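A short worksheet on the structure shown next.
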Amino acid sequence: MSLRSTAGDIFALWSAGWPYVHLETLEEERALRVVDIARGLGATALVFPPQDKAGVSYVKEQEGGDAGSTRPPSTLSASLSRANDTLEAVAALARSKQAALLLLKGAGESLGEHRVARGLVELAEILSKNRQCVVFVEPPLDIPTTLGEDMARVILPPPDSTEIGSILDEISNEVPSREGMIAAALGLSEKAIRRAFAAALQADDPVATVLAEKRRQVKDAFAIEIIENSVDYDDVGGLESLKRWLGERERAFGLEAREFGLPIPRGALLLGVQGCGKSISAKAVASHWRLPLMRLDLATVFGGGMPAERALRRAIALAEQLSPAVLWIDEIEKGFAGADPHSEQPVAEVSRVLGAFTTWLQEKEAPVFVVATANEVKHLPPELLRRGRFDEIFFVDLPDARARQEILAVHLRRRNRDPREFPLEKLSEASENFSGAELEQVVVSGLYRAFQANRGLSPADLERAVADTVPLFRTYEEKVKDLRAWARNRARAAGRAEGVIDILRGS
């Protein structure tokens with residue numbers, strides 16, 4: 001969404017009679033540009049209180065186009081100049097009866113004062129009748145309940161690719177990796193973009209420099225973390241069906257796919273046995289699609305010291321700002337499991353946040369591909385399983401014989417060993433019912449044994465590690481079988497169809 005689109009939204013709300021609008025942003029200078037655009041659409045716009053270079057407060061008035069009014073009368077300007085606080089400024093606007101937009105900066109804290117909130121409520125109807133609208137330019141804030149029905153919310157998005165391109169052109173006309181730098185800067189504020197570009201143009205790898213700035217900006221973001229990721233499909237053994245499905249959607253985020261009639265992919269829910277590749281699959285798809293990977297921490301959403309609904313809203317807004325991207329939610333069932341007698345999460349709060357999240361999943365237009373993982377079916381809210389939330393639900397089972405060979409080979413190669421030097425078929429047969437994580441530990445344990453003996457890794461080391469491992473399946477066999485029974489008619493197999501049939505026969 002561009003600055004012009006945001007200005008259009010505000011103009012439409014003003015025209016519809018909304019007395020108050022919360023323009024949510026940290027970028028006051030860009031918010032002033034929105035008001036300039038609104039003026040071009042026919043609005044008389046005033047800003048209160050800006051500061052000149054000497055720090056002196058004054059009122060800036062701008063004449064509208066064809067809104068049916070002329071320059072604001074000097075009495076209004078004088079009244080606003082004498083106003084000492086938010087309520088006085090809004091009251092001065094109401095008394096003037098001048099159709100106008102009034103942008104207020106730094107007034108958010110005053111909304112918490114009962115006197116101010118009450119006064120704004122009483123002025124709301126007058127403002128609507130006068131075709132007047134007050135725009136509060138503020139970061140995310142809690143709107144008093146009494147003002148809830150009179151205040152609309154508009155989020156000022158970060159610069160889009162067109163605006164970022166203009167910023168880059170201002171800085172330099174000769175940029176060899178222009179498109180890459182613009183894509184890397186998506187989601188950053190204008191100030192952050194200018195800083196990143198200034199540093200990038202002095203660096204050997206401009207795009208990497210901009211991405212580093214993005215990671216730094218998001219590092220302290222609430223409930224969202226950018227994951228540095230180098231995992232690819234080659235690092236994931238098995239899961240052929242899941243890989244094939246993801247491969248079909250690799251090009252589905254571009255304009256070409258929209259023109260072909262395809263919707264933007266929503267995401268996938270990966271449900272299944274612990275340690276079998278769900279999380280690494282989320283990392284692999286982001287890397288393979290060359291998209292940034294973000295992780296949403298639901299524990300922080302519910303327990304980070306901020307109202308959970310606002311925390312989720314902020315996290316979603318950031319994910320959309322950084323899109324196209326992959327958003328990974330690990331063990332989603334734990335985050336939305338609800339409250340138990342010892343939990344500090346009220347059931348009502350969990351329900352509201354879950355409702356907001358599932359609504360976003362179903363209606364989101366931003367290219368954010370959500371990969372959620374879950375280990376427990378019984379704790380998974382049924383709302384997440386309804387069609388339309390995710391594009392597909394995959395069941396990730398214990399790897400079959402061929403997948404176990406692939407997984408062992410992956411971990412041997414990762415540790416600079418040639419898989420052809422080891423009897424993978426024999427090891428696969430011996431490690432039946434091992435998870436992917438347990439197969440990795442077989443390789444690691446074998447390496448420890450060889451290192452302690454001051455010699456190279458041998459097949460006997462791996463065979464000994466397999467014999468010493470007690471797979472989780474032995475302890476949780478009934479739980480695994482229950483998962484398989486649930487998934488049989490409700491989820492798509494992530495692995496080979498033949499392997500699934502073999503496993504089901506064994507269960």
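All residue names refer to the structure tokens as shown: chains lettered A, B, ... in order, residues numbered from 1 in each chain, ligands numbered from 1 in order.
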For A:Gln362: contacts at 8 Å, only C-alpha atoms, fewer than 6 positions along chain excluded, given as a PyMOL selection string: chain A and resi 266+388-390
For the strand (DSSP E or B) assignment from backbone DSSP, which residues of stretch 131-271 of chain A qualify? Please present them as a short mmCIF file (atom, residue, chain, number, x, y, z; two decimals) with N, CA and C atoms, in the first residue's frame.
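The resulting part.cif:
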```
data_model
loop_
_atom_site.label_atom_id
_atom_site.label_comp_id
_atom_site.auth_asym_id
_atom_site.auth_seq_id
_atom_site.Cartn_x
_atom_site.Cartn_y
_atom_site.Cartn_z
N GLN A 132 -15.54 17.52 9.95
CA GLN A 132 -14.21 17.71 10.52
C GLN A 132 -13.70 16.37 11.03
N CYS A 133 -12.42 16.14 10.86
CA CYS A 133 -11.83 14.87 11.30
C CYS A 133 -10.47 15.15 11.93
N VAL A 134 -10.24 14.57 13.09
CA VAL A 134 -8.97 14.73 13.81
C VAL A 134 -8.18 13.43 13.65
N VAL A 135 -6.96 13.56 13.13
CA VAL A 135 -6.10 12.40 12.88
C VAL A 135 -4.99 12.39 13.93
N PHE A 136 -4.98 11.35 14.76
CA PHE A 136 -3.95 11.19 15.78
C PHE A 136 -2.79 10.38 15.18
N VAL A 137 -1.65 10.99 15.06
CA VAL A 137 -0.47 10.30 14.53
C VAL A 137 0.30 9.74 15.71
N GLU A 138 0.20 8.43 15.91
CA GLU A 138 0.76 7.81 17.10
C GLU A 138 1.23 6.39 16.80
N MET A 151 -13.53 6.29 16.72
CA MET A 151 -12.17 6.39 16.20
C MET A 151 -11.85 5.20 15.29
N ALA A 152 -11.56 5.50 14.04
CA ALA A 152 -11.11 4.46 13.10
C ALA A 152 -9.60 4.34 13.18
N ARG A 153 -9.09 3.20 12.74
CA ARG A 153 -7.65 2.95 12.79
C ARG A 153 -7.12 2.69 11.39
N VAL A 154 -6.07 3.41 11.03
CA VAL A 154 -5.40 3.22 9.75
C VAL A 154 -3.91 3.03 10.03
N ILE A 155 -3.33 1.97 9.49
CA ILE A 155 -1.91 1.73 9.69
C ILE A 155 -1.14 2.32 8.52
N ILE A 224 8.43 -11.33 17.24
CA ILE A 224 8.87 -11.75 15.92
C ILE A 224 10.40 -11.76 15.89
N GLU A 225 10.94 -12.82 15.32
CA GLU A 225 12.39 -12.95 15.18
C GLU A 225 12.71 -13.36 13.74
N ILE A 226 13.68 -12.68 13.13
CA ILE A 226 14.16 -13.10 11.81
C ILE A 226 15.23 -14.16 12.01
N ILE A 227 15.05 -15.30 11.38
CA ILE A 227 15.97 -16.43 11.53
C ILE A 227 16.99 -16.41 10.40
N GLY A 267 -0.51 -21.07 3.36
CA GLY A 267 0.44 -21.76 4.23
C GLY A 267 0.07 -23.21 4.42
N ALA A 268 0.81 -23.87 5.30
CA ALA A 268 0.60 -25.29 5.56
C ALA A 268 0.75 -25.57 7.05
N LEU A 269 -0.06 -26.49 7.53
CA LEU A 269 0.04 -26.97 8.91
C LEU A 269 0.69 -28.35 8.87
N LEU A 270 1.83 -28.49 9.55
CA LEU A 270 2.56 -29.75 9.58
C LEU A 270 2.34 -30.39 10.94
N LEU A 271 1.59 -31.46 10.93
CA LEU A 271 1.22 -32.15 12.16
C LEU A 271 1.88 -33.52 12.18
#
```
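Between A:Gly40 and the residues A:Lys97, A:Arg194, A:Arg4, A:Arg455, the shortest atom-to-atom distance, using only C-alpha atoms, involves A:Arg4.
Closest to A:Gly275 among A:Asn433, A:Asn130, A:Gln98, A:Gln217 is A:Asn433, based on only C-alpha atoms.
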Nearest residue to A:Phe394 from the set A:Ala453, A:Ala374, A:Val466, A:Leu101 (distances using only C-alpha atoms): A:Ala374
Polymer residues at most 7 Å from A:Val210, only C-alpha atoms, same-chain spacing of 4 or more positions, as a PyMOL selection string: chain A and resi 181+184-185+196-197+200+206+214
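Going from atom CA of A:Val470 to atom CA of A:Ser281 covers 24.8 Å.
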